[in-house]
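Just final.cif here, mmCIF, C-alpha atoms:
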```
data_input
#
loop_
_atom_site.group_PDB
_atom_site.id
_atom_site.type_symbol
_atom_site.label_atom_id
_atom_site.label_comp_id
_atom_site.auth_asym_id
_atom_site.auth_seq_id
_atom_site.Cartn_x
_atom_site.Cartn_y
_atom_site.Cartn_z
ATOM 1 C CA MET A 26 -12.730 -30.302 -8.752
ATOM 2 C CA ASN A 27 -10.484 -29.754 -5.760
ATOM 3 C CA GLN A 28 -9.985 -33.110 -4.027
ATOM 4 C CA LEU A 29 -10.609 -31.534 -0.615
ATOM 5 C CA LEU A 30 -14.047 -30.443 -1.717
ATOM 6 C CA LEU A 31 -14.892 -34.067 -2.497
ATOM 7 C CA HIS A 32 -14.257 -34.835 1.166
ATOM 8 C CA ASN A 33 -16.237 -31.822 2.424
ATOM 9 C CA GLY A 34 -13.067 -29.892 3.258
ATOM 10 C CA ILE A 35 -13.470 -26.134 3.738
ATOM 11 C CA ASP A 36 -11.114 -23.259 4.421
ATOM 12 C CA VAL A 37 -11.435 -22.115 8.045
ATOM 13 C CA ASP A 38 -9.649 -18.856 8.874
ATOM 14 C CA PRO A 39 -10.857 -17.050 12.018
ATOM 15 C CA PHE A 40 -8.189 -14.334 11.811
ATOM 16 C CA PRO A 41 -8.474 -10.903 10.169
ATOM 17 C CA LYS A 42 -7.438 -10.704 6.526
ATOM 18 C CA LEU A 43 -4.389 -8.456 6.231
ATOM 19 C CA ILE A 44 -4.601 -6.914 2.749
ATOM 20 C CA TRP A 45 -7.727 -5.297 1.290
ATOM 21 C CA LYS A 46 -8.330 -3.892 -2.174
ATOM 22 C CA PHE A 47 -10.744 -1.100 -3.076
ATOM 23 C CA LYS A 48 -11.384 1.031 -6.152
ATOM 24 C CA TYR A 49 -11.624 4.817 -6.579
ATOM 25 C CA ASN A 50 -11.645 6.935 -9.739
ATOM 26 C CA PHE A 51 -8.842 9.460 -9.155
ATOM 27 C CA PRO A 52 -8.773 12.789 -11.084
ATOM 28 C CA TYR A 53 -5.229 12.172 -12.314
ATOM 29 C CA ASP A 54 -5.300 14.906 -14.951
ATOM 30 C CA SER A 55 -5.843 17.549 -12.280
ATOM 31 C CA LEU A 56 -3.241 15.956 -9.970
ATOM 32 C CA SER A 57 -0.317 15.545 -12.368
ATOM 33 C CA SER A 58 0.844 19.179 -12.278
ATOM 34 C CA LEU A 59 0.614 19.228 -8.461
ATOM 35 C CA ILE A 60 2.662 16.038 -8.291
ATOM 36 C CA ASN A 61 5.393 17.462 -10.529
ATOM 37 C CA GLU A 62 5.495 20.677 -8.495
ATOM 38 C CA LEU A 63 5.824 18.766 -5.215
ATOM 39 C CA LYS A 64 8.607 16.625 -6.674
ATOM 40 C CA SER A 65 10.500 19.731 -7.814
ATOM 41 C CA LYS A 66 10.302 21.223 -4.290
ATOM 42 C CA THR A 67 11.315 18.064 -2.411
ATOM 43 C CA PRO A 68 14.910 18.694 -1.272
ATOM 44 C CA LYS A 69 16.105 15.070 -1.222
ATOM 45 C CA ASN A 70 14.967 11.598 -2.141
ATOM 46 C CA SER A 71 14.008 8.803 0.250
ATOM 47 C CA LYS A 72 16.684 6.196 1.042
ATOM 48 C CA LEU A 73 14.084 3.522 0.282
ATOM 49 C CA GLU A 74 13.979 4.403 -3.412
ATOM 50 C CA ALA A 75 16.470 2.794 -5.799
ATOM 51 C CA GLY A 76 17.294 3.435 -9.435
ATOM 52 C CA ALA A 77 14.910 5.655 -11.386
ATOM 53 C CA ALA A 78 12.523 6.102 -8.459
ATOM 54 C CA PHE A 79 11.578 9.186 -6.456
ATOM 55 C CA SER A 80 9.571 9.825 -3.297
ATOM 56 C CA THR A 81 8.291 13.068 -1.820
ATOM 57 C CA ALA A 82 8.211 11.427 1.644
ATOM 58 C CA PRO A 83 11.114 13.575 2.953
ATOM 59 C CA ALA A 84 9.126 16.762 2.227
ATOM 60 C CA LYS A 85 7.637 18.330 5.357
ATOM 61 C CA PHE A 86 5.202 20.544 3.458
ATOM 62 C CA ASP A 87 2.170 20.320 1.170
ATOM 63 C CA PRO A 88 1.255 16.639 1.811
ATOM 64 C CA PRO A 89 -0.999 15.350 -0.981
ATOM 65 C CA HIS A 90 -3.877 14.346 1.306
ATOM 66 C CA THR A 91 -4.427 18.054 2.039
ATOM 67 C CA TRP A 92 -4.886 19.007 -1.613
ATOM 68 C CA PRO A 93 -8.413 20.273 -2.448
ATOM 69 C CA GLU A 94 -8.363 17.979 -5.483
ATOM 70 C CA LEU A 95 -8.339 14.980 -3.110
ATOM 71 C CA GLN A 96 -11.021 16.229 -0.721
ATOM 72 C CA ASP A 97 -13.640 13.841 -2.114
ATOM 73 C CA PHE A 98 -11.182 10.944 -1.749
ATOM 74 C CA ARG A 99 -10.467 11.867 1.888
ATOM 75 C CA GLN A 100 -14.177 11.672 2.602
ATOM 76 C CA TRP A 101 -14.609 8.440 0.632
ATOM 77 C CA ILE A 102 -11.738 6.607 2.365
ATOM 78 C CA GLY A 103 -13.383 7.084 5.770
ATOM 79 C CA GLU A 104 -15.863 4.245 5.276
ATOM 80 C CA PRO A 105 -13.265 1.591 4.332
ATOM 81 C CA LEU A 106 -11.124 2.654 7.298
ATOM 82 C CA ASP A 107 -14.091 2.434 9.666
ATOM 83 C CA PHE A 108 -14.791 -1.068 8.379
ATOM 84 C CA LEU A 109 -11.167 -2.192 8.801
ATOM 85 C CA TRP A 110 -10.946 -0.773 12.317
ATOM 86 C CA ASN A 111 -13.738 -3.154 13.298
ATOM 87 C CA HIS A 112 -12.352 -5.962 11.140
ATOM 88 C CA PHE A 113 -9.082 -5.887 13.108
ATOM 89 C CA ASN A 114 -10.999 -5.705 16.387
ATOM 90 C CA PHE A 115 -9.372 -2.436 17.458
ATOM 91 C CA ASN A 116 -11.073 -0.911 20.472
ATOM 92 C CA SER A 117 -11.829 2.634 21.669
ATOM 93 C CA TYR A 118 -12.720 3.802 18.178
ATOM 94 C CA SER A 119 -12.987 7.560 17.786
ATOM 95 C CA GLY A 120 -12.179 7.760 14.103
ATOM 96 C CA SER A 121 -8.951 7.678 12.134
ATOM 97 C CA THR A 122 -6.724 10.361 10.677
ATOM 98 C CA VAL A 123 -4.049 10.704 7.997
ATOM 99 C CA THR A 124 -0.724 11.289 9.752
ATOM 100 C CA ASN A 125 1.344 11.729 6.584
ATOM 101 C CA SER A 126 1.149 11.284 2.827
ATOM 102 C CA TRP A 127 3.482 11.401 -0.158
ATOM 103 C CA ILE A 128 3.898 10.532 -3.821
ATOM 104 C CA ASN A 129 6.198 7.814 -5.184
ATOM 105 C CA THR A 130 7.139 7.629 -8.853
ATOM 106 C CA HIS A 131 9.026 4.912 -10.719
ATOM 107 C CA GLU A 132 10.488 4.932 -14.187
ATOM 108 C CA LYS A 133 12.303 2.043 -15.881
ATOM 109 C CA GLY A 134 14.664 0.388 -13.394
ATOM 110 C CA GLY A 135 13.155 2.153 -10.375
ATOM 111 C CA SER A 136 12.199 0.179 -7.276
ATOM 112 C CA THR A 137 11.308 0.578 -3.598
ATOM 113 C CA LEU A 138 13.276 -1.389 -1.010
ATOM 114 C CA GLU A 139 11.833 -3.593 1.735
ATOM 115 C CA HIS A 140 10.306 -1.631 4.621
ATOM 116 C CA ASN A 141 7.328 -1.194 6.919
ATOM 117 C CA HIS A 142 5.605 1.885 8.360
ATOM 118 C CA ASN A 143 6.312 2.343 12.058
ATOM 119 C CA PHE A 144 3.622 3.852 14.277
ATOM 120 C CA SER A 145 0.939 3.516 11.576
ATOM 121 C CA LEU A 146 -2.183 1.439 12.062
ATOM 122 C CA PHE A 147 -2.810 1.239 8.331
ATOM 123 C CA VAL A 148 -1.083 2.101 5.081
ATOM 124 C CA VAL A 149 -3.175 3.272 2.141
ATOM 125 C CA THR A 150 -1.511 2.699 -1.237
ATOM 126 C CA ALA A 151 -3.434 4.316 -4.098
ATOM 127 C CA TYR A 152 -2.418 3.690 -7.701
ATOM 128 C CA LEU A 153 -2.876 6.967 -9.555
ATOM 129 C CA LYS A 154 -1.109 5.575 -12.611
ATOM 130 C CA LEU A 155 0.013 1.959 -12.951
ATOM 131 C CA PRO A 156 1.225 1.126 -16.468
ATOM 132 C CA LYS A 157 1.718 -2.434 -17.658
ATOM 133 C CA ASP A 158 5.055 -3.944 -16.576
ATOM 134 C CA SER A 159 5.707 -1.218 -13.998
ATOM 135 C CA GLY A 160 5.685 -3.711 -11.116
ATOM 136 C CA PHE A 161 3.254 -4.914 -8.460
ATOM 137 C CA ILE A 162 3.751 -4.404 -4.744
ATOM 138 C CA GLU A 163 5.104 -7.465 -2.906
ATOM 139 C CA PHE A 164 4.464 -8.476 0.718
ATOM 140 C CA ARG A 165 6.719 -10.608 2.901
ATOM 141 C CA ASP A 166 5.123 -13.548 4.681
ATOM 142 C CA PRO A 167 4.596 -12.330 8.277
ATOM 143 C CA LEU A 168 4.726 -15.924 9.554
ATOM 144 C CA GLU A 169 8.163 -16.734 8.148
ATOM 145 C CA TYR A 170 9.821 -17.119 11.573
ATOM 146 C CA HIS A 171 7.110 -19.482 12.726
ATOM 147 C CA LYS A 172 7.867 -21.768 9.778
ATOM 148 C CA ASN A 173 11.514 -22.439 10.640
ATOM 149 C CA ASN A 174 10.835 -26.085 11.518
ATOM 150 C CA THR A 175 8.765 -26.762 8.427
ATOM 151 C CA PRO A 176 9.685 -27.381 4.771
ATOM 152 C CA ILE A 177 9.833 -23.603 4.326
ATOM 153 C CA GLU A 178 9.841 -22.187 0.819
ATOM 154 C CA PRO A 179 12.973 -20.607 -0.675
ATOM 155 C CA GLU A 180 13.690 -17.010 0.322
ATOM 156 C CA GLU A 181 12.108 -15.416 -2.730
ATOM 157 C CA GLU A 182 8.951 -17.471 -2.256
ATOM 158 C CA LEU A 183 8.378 -15.628 1.029
ATOM 159 C CA TRP A 184 7.379 -12.642 -1.108
ATOM 160 C CA LYS A 185 3.929 -12.571 -2.702
ATOM 161 C CA SER A 186 2.859 -9.936 -5.229
ATOM 162 C CA VAL A 187 -0.610 -8.395 -5.409
ATOM 163 C CA PRO A 188 -1.684 -7.561 -8.979
ATOM 164 C CA CYS A 189 -3.301 -4.145 -9.283
ATOM 165 C CA GLU A 190 -4.306 -1.599 -11.891
ATOM 166 C CA THR A 191 -4.799 2.147 -12.101
ATOM 167 C CA ASN A 192 -7.325 3.428 -9.511
ATOM 168 C CA ASP A 193 -6.893 0.387 -7.247
ATOM 169 C CA ILE A 194 -6.301 1.032 -3.548
ATOM 170 C CA LEU A 195 -4.627 -1.366 -1.119
ATOM 171 C CA ILE A 196 -4.992 -0.989 2.651
ATOM 172 C CA PHE A 197 -2.858 -3.080 4.996
ATOM 173 C CA PRO A 198 -1.304 -2.914 8.501
ATOM 174 C CA GLY A 199 1.695 -0.641 8.897
ATOM 175 C CA TRP A 200 3.816 -3.468 10.350
ATOM 176 C CA LEU A 201 3.518 -5.664 7.241
ATOM 177 C CA LYS A 202 6.807 -5.642 5.299
ATOM 178 C CA HIS A 203 6.560 -4.784 1.619
ATOM 179 C CA ARG A 204 8.587 -3.672 -1.398
ATOM 180 C CA VAL A 205 8.197 -2.819 -5.084
ATOM 181 C CA PRO A 206 10.361 -4.567 -7.718
ATOM 182 C CA GLN A 207 12.034 -2.786 -10.615
ATOM 183 C CA SER A 208 9.798 -1.246 -13.244
ATOM 184 C CA ASN A 209 10.256 -2.635 -16.751
ATOM 185 C CA THR A 210 8.576 0.160 -18.670
ATOM 186 C CA ASN A 211 9.542 3.708 -19.628
ATOM 187 C CA GLU A 212 6.080 4.931 -18.645
ATOM 188 C CA GLU A 213 5.920 6.514 -15.194
ATOM 189 C CA ARG A 214 4.290 4.668 -12.305
ATOM 190 C CA VAL A 215 2.638 7.080 -9.823
ATOM 191 C CA VAL A 216 1.436 6.093 -6.339
ATOM 192 C CA LEU A 217 -0.138 8.034 -3.486
ATOM 193 C CA THR A 218 0.653 6.623 -0.033
ATOM 194 C CA MET A 219 -0.942 7.635 3.256
ATOM 195 C CA ASN A 220 -0.156 6.608 6.831
ATOM 196 C CA ILE A 221 -3.250 6.202 8.991
ATOM 197 C CA GLY A 222 -3.443 6.546 12.757
ATOM 198 C CA PRO A 223 -6.197 6.936 15.350
ATOM 199 C CA ALA A 224 -7.877 10.292 15.626
ATOM 200 C CA VAL A 225 -6.557 12.316 18.558
#
```

What would you get if you wrote out this structure as structure tokens?
Amino acid sequence: MNQLLLHNGIDVDPFPKLIWKFKYNFPYDSLSSLINELKSKTPKNSKLEAGAAFSTAPAKFDPPHTWPELQDFRQWIGEPLDFLWNHFNFNSYSGSTVTNSWINTHEKGGSTLEHNHNFSLFVVTAYLKLPKDSGFIEFRDPLEYHKNNTPIEPEEELWKSVPCETNDILIFPGWLKHRVPQSNTNEERVVLTMNIGPAV
């Protein structure tokens, strides 16, 4: 038993939790051909992708969240976003909207570099296909600069991974820095990402 529990110690955290996980059964079979078509039409790759990785983020057309095949998901995601709006104590709530969406794919050796999402309240990361050994998303400790006068952990320990599986969804603030390490499998990793902002 945890020694703190023997002394009636409890975890007290009055602040909003930053990263939330949900589950949705995506119709991947009906999405795969649309994903390949969008990739073939995307004129250039994102500078955030390295190695055998590709992103349709530079494309200014046919964003995945507008596909009829994802209409049910767009309706479903509304409830988690409503909950998180209140969880983060945002005011003047009039609903949320998807401001952009894209598909990222990784093959063996592919990775996504450290970044955040400017001007986005939330980021929705949906794992359409997440094979074993294809890599878990990693988040950088947002309190790292406040720990300068403490026995701070080594640089790499500032990054914490979040294990996921196919059909998992992560929602987190757009300012939170994150990255994806290199994939170690030949099987393709496919992720849908959406930026969320307040409804106009």

- Query: Do you know which residues are at most 9 Å from stretch 96-102 of chain A counting all atoms listed in the file, after dropping those on the same chain fewer than 4 positions away, and could you put them as a count of residues only?
  - Reply: 9

- Please evaluate the PyMOL selection byres ((chain A and resi 166) around 10) against the displayed coordinates and give the resulting residues as a ChimeraX atom specification. /A:163-165,167-170,182-185,201-203

- Mind giving me the straight-line distance from atom CA of A:Arg204 to atom CA of A:His112 in Å, one decimal? 24.5 Å

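Atom CA of A:Glu74 is positioned 18.7 Å from atom CA of A:Pro89.
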
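The interatomic distance for the pair atom CA of A:Gly120 and atom CA of A:Ser145 works out to 14.0 Å.
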